[in-house]
Structure formats: C-alpha cells, structure tokens
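A.B. asks: Questions regarding the structure given below will be posed in turn.
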Amino acid sequence: MKIYLVGGAVRDKLLGLSVKERDYVVVGATPEEMTAKGFKPVGKDFPVFLHPKTHEQYALARTERKIRAGYQGFQFNANPSVTLEEDLKRRDLTINAMAETSHGKLIDLFGGGDDLKARVLRHVSPSFVEDPVRVLRVARFAARYHALGFKVAEETLLLMKRMGHLGEVDALVMERVWQEFETALREPHPEQFILVLRQCEALGKIFPELEALFSMPVGHDSHERRGESALRMLQQAVRITGDPVVRFAALVFECGFLVSTQSVETFSRSHALRRNEKKCGQGEGIEAKEAATRLRTFCRRICAPRLYGALALLGIRYYFFYVRAAEKGDAEEIYGILEKLDAFRRPERFFQFLNVCCAIGQGIIPSRDATEAVHTFRAAFQAGSVISAQHVKDKSLSGSALGNAIRALRIEAIGKL
C-alpha cells in the first residue's frame with residue numbers, strides 16, 4: 001500500500017497558496033484493508049474513505065471507462081493493480097494531476113508544473129471530453145486563478161467546444177451545474193466563469209438566459225450589450241462583498257431589462273407605497289411583472305436556492321424605485337420602500353439589497369452615484385429602527401392602530417434627516 005497527496009493541495013502548495021484541504025490516493029489496497037486500518041468508507045460510486053483521526057479523504061487509485069452519455073456515465077475500476085499514473089491520467093487538468101510522496105517528492109507525469117509556471121489550464125488527455133462537468137470546472141478554475149494570469153489552453157477550449165457539439169454538455173444535470181456556478185460566484189473573478197463558457201460556446205446551452213443578454217443592446221443608441229453590463233455589475237459586487245447571493249443578484253439584474261423608466265413613473269405616481277392602499281407589486285407596471293416572472297423561471301430552472309432568487313427579485317423589482325425615492329428625499333416614499341423590503345424585521349437581507357443596488361448603480365453606464373442612495377437608506381433605516389411601541393404616547397393603542405402609530409413616528413424620524 002502506497003499513499004500519495006494529490007490534486008489541489010499539491011497545486012496550491014506549488015503556487016505558494018494556503019492549502020485548505022488535502023486529498024490522498026491509495027495505490028495497491030483493497031476496501032477491506034482500508035476498513036481494517038480504521039478508515040470509514042463514504043464513497044458511493046467508487047471507494048473513498050475518511051481517515052480515522054484527520055477525517056481527510058483517501059480514495060483508492062482508479063480508472064474509469066465511459067459507458068453512456070452524461071457525467072454519471074462511467075464505469076470505475078479500483079482494484080489494487082491500478083497504478084498511480086493510471087489514476088492521475090484520468091484527471092481533468094495537468095495542474096491537478098500531480099502527486100507528492102510522504103517524503104515530499106513531487107511526481108509530475110503530465111507537465112503540470114510547467115503549466116503552473118506558464119499559467120495555463122490544460123487538459124491531461126483526450127478522455128477529457130467524456131465528462132461534461134469538466135467544462136464547468138475549467139471555467140471555475142479560470143475564475144479562481146485569473147488574477148494570477150491563468151488562461152485556458154487553445155487546444156483545451158477546442159475540446160470543450162467539441163463536447164458541446166457532441167451533446168455531452170446537454171447531459172449536464174442542473175443540480176450539478178448549480179454547485180459549480182455557486183462555487184464560481186465565490187471566486188475572486190466569477191465573471192471569468194461566464195466568459196470561458198462563452199468562449200467554448202457552452203453558455204448558450206447551459207445558461208441561455210445569460211447568453212441572450214450578449215445580443216441585446218443596453219439602449220437604442222448604445223453599442224454595449226446587456227451581457228457586458230451584467231458582467232460589470234457582477235465585478236462591482238465582487239469589489240463590495242464576498243457574498244455569493246449578492247453577486248448572483250447583481251449578475252442577473254439585466255435579465256429584468258424590461259423594467260423601464262415608464263413603469264417607474266407609473267409606480268411613483270401610484271399610491272402603492274401609501275398606507276391602506278394596494279400592494280407594492282400592483283403598482284409596478286406590466287414590464288416589471290414580466291421581468292419578475294422571467295427571473296423566477298430562470299432561478300427554478302438552474303436550481304438556485306430560494307434566498308438567491310428572492311434577493312435577485314428584490315433587485316429587479318425595487319432598484320429603480322429605490323433610486324427615485326432617494327433622489328426625491330420623500331420620507332413617506334423612502335419608508336414605503338423599507339416597509340416593502342421588510343427591512344426592520346429582516347435587516348440582514350436589507351443590507352444585502354443595498355449591496356446589490358450599489359453594485360448595479362456603479363455598473364450602469366453612464367454611472368450613477370449609487371453611494372449617496374445607499375447612505376440615504378442606511379440613515380433612514382437607522383432612524384426608523386430605533387422607533388418601537390414604547391415610543392407611542394397613547395398606550396391604549398393595539399393591533400393595526402398601534403402599527404400605524406409606529407409607522408407615523410418612523411416616517412417623522414426619517415423626515416428629520
């Protein structure tokens with residue numbers, strides 16, 4: 001039995017980055033031998049074990065054979081005769097196909113070290129095309145290492161395009177796609193995930209809603225496309241926060257491009273934000289409702305968790321109204337936005353919304369001064385949040401009457417700013 005450190009730990013160590021987790025491959029062992037040594041089996045498709053003390057993953061060396069379409073269409077062989085070279089050869093990229101002995105000796109059979117120095121993401125072997133998830137993984141690594149100068153090798157891009165033409169990308173399961181997408185949103189340059197998928201012509205197959213934005217002009221007289229605007233908003237969100245939920249909401253804002261200035265005017269003139277009037281959504285206009293419907297459909301299709309879709313929907317539904325309220329400085333209208341955002345009961349989501357709006361505002365060309373609007377709403381929230389039932393002079397009030405009294409005091413406090 002021989003044990004080797006493999007994959008990301010070796011790669012990041014050579015890059016001088018902190019190693020977050022370690023994975024090992026075991027050559028010449030059987031599942032029975034692993035369990036006899038106290039390792040706990042956890043793998044479903046092939047033998048993977050957890051170390052009894054460190055709980056790090058140890059996988060038996062294995063080979064794989066494609067037997068049907070899709071990323072699950074593999075037959076695995078993990079018998080003791082499988083060599084380290086055979087195991088490393090099945091991996092996706094050369095920089096992930098290096099190993100290290102227990103004495104620290106590097107084993108680099110496929111030029112991963114040279115590709116690290118050249119800052120190249122290159123496939124290990126032609127069998128790369130057999131697993132469509134690798135298209136997503138390459139795009140994700142591009143998002144992670146873009147700041148270090150990494151680029152996808154031309155021959156690897158060609159293979160990724162071929163996978164789309166062969167229909168392999170069509171076999172991707174959306175739950176798996178979302179896992180890679182969400183991870184990419186946490187990376188330093190998530191916009192590269194989108195750009196690489198566009199380069200290999202896979203974005204239209206995986207995220208047709210995002211691909212469509214690159215054919216839509218921002219305005220009648222603009223040469224810029226909404227896809228470019230969406231990526232710029234995403235980049236602004238990255239500068240503001242590491243929260244993937246905020247980043248997602250900023251990216252998909254352009255998917256609601258039918259929210260027009262006319263609908264904003266209609267909303268502002270309505271009494272939807274006034275007490276005892278219709279709900280906010282009924283004053284939005286047909287364009288905003290259609291945009292919200294499109295966003296919900298998109299989020300369901302890509303299996304985005306509810307909190308992602310909910311924040312994105314708030315951005316599409318209320319961004320323009322939020323900007324307008326801040327510009328007008330009308331205390332009742334500002335309070336109405338806070339109320340519809342449920343800011344006082346859900347302050348964490350409210351501050352996420354402010355980050356989304358800031359990213360959108362900074363990403364729009366011509367750029368808006370989004371910072372001023374954020375300050376306005378932060379101050380309004382602080383002024384209103386300190387008001388509670390104990391500030392109401394008439395102690396006999398209860399129910400809706402008490403709620404209206406608190407509301408009036410909060411509006412008054414906001415008006416004094």
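Going through the structure tokens in order, the chains are called A, B, and so on, while each chain numbers its residues from 1 and the ligands are numbered from 1 in the order shown.
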Skip stretch 241-247 of chain A itself and residues of its chain fewer than 2 positions away, then list as a PyMOL selection string all residues within 7 Å of it, counting only C-alpha atoms.
C.D. replies: chain A and resi 182+185-186+234+237-239+249-251+308+352+355-356
A.B. asks: Skipping near chain neighbours, those fewer than 3 positions away, what residues fall within 9 Å of A:Gly384 using only C-alpha atoms, listed as JSON, numbers by chain?
C.D. replies: {"A": [335, 344, 379, 380, 381, 387, 388, 407, 409, 410, 411, 412, 413, 414]}
A.B. asks: Please, could you write that set of residues out with N, CA and C atoms as a CSV table (one decimal), in the first residue's frame?
C.D. replies:
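Dumped to again-v7.csv:
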```csv
chain,number,residue,atom,x,y,z
A,335,TYR,N,-39.8,55.4,3.4
A,335,TYR,CA,-40.3,54.4,4.4
A,335,TYR,C,-41.1,53.3,3.7
A,344,PHE,N,-37.1,46.2,8.7
A,344,PHE,CA,-36.9,46.2,10.1
A,344,PHE,C,-37.0,44.8,10.7
A,379,ALA,N,-29.2,55.6,6.6
A,379,ALA,CA,-29.6,56.5,7.6
A,379,ALA,C,-31.1,56.4,7.9
A,380,ALA,N,-31.9,56.2,6.9
A,380,ALA,CA,-33.4,56.1,7.1
A,380,ALA,C,-33.7,54.9,7.9
A,381,PHE,N,-33.0,53.8,7.6
A,381,PHE,CA,-33.2,52.5,8.4
A,381,PHE,C,-32.8,52.7,9.8
A,387,ILE,N,-37.3,53.3,16.6
A,387,ILE,CA,-38.7,53.5,17.0
A,387,ILE,C,-39.4,52.2,17.2
A,388,SER,N,-40.1,52.1,18.4
A,388,SER,CA,-40.8,50.9,18.7
A,388,SER,C,-42.1,51.3,19.4
A,407,ARG,N,-45.6,53.5,12.5
A,407,ARG,CA,-45.3,53.9,11.2
A,407,ARG,C,-45.1,55.4,11.0
A,409,LEU,N,-44.5,57.6,13.4
A,409,LEU,CA,-43.3,58.0,14.1
A,409,LEU,C,-42.0,57.8,13.3
A,410,ARG,N,-42.0,56.6,12.6
A,410,ARG,CA,-40.8,56.3,11.8
A,410,ARG,C,-40.7,57.3,10.6
A,411,ILE,N,-41.8,57.6,10.0
A,411,ILE,CA,-41.7,58.5,8.9
A,411,ILE,C,-41.3,59.9,9.4
A,412,GLU,N,-41.8,60.3,10.5
A,412,GLU,CA,-41.4,61.5,11.1
A,412,GLU,C,-39.9,61.6,11.4
A,413,ALA,N,-39.4,60.5,11.9
A,413,ALA,CA,-37.9,60.4,12.2
A,413,ALA,C,-37.1,60.5,10.9
A,414,ILE,N,-37.6,59.8,9.9
A,414,ILE,CA,-36.9,59.8,8.6
A,414,ILE,C,-36.9,61.2,8.0
```
A.B. asks: Identify, on the basis of only C-alpha atoms, every residue whose closest approach to stretch 101-114 of chain A does not exceed 8 Å; exclude the query and any residue fewer than 5 positions from it along the same chain; express the result as number ranges by chain.
C.D. replies: A: 3-5, 85, 89, 93-96, 124
A.B. asks: Residues of stretch 29-262 of chain A in strand (DSSP E or B) according to DSSP, as a ChimeraX atom specification?
C.D. replies: /A:40-41,48-50,57-60,63-66,74-77,93,98-100,106-108,120-121,123,151-152,217,225
A.B. asks: Which residue gives the smallest distance to A:His165 among A:Ala343, A:Leu136, A:Ile194, A:Val129, with only C-alpha atoms counted?
C.D. replies: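 Answer, going by the shortest atom-to-atom distance: A:Val129.
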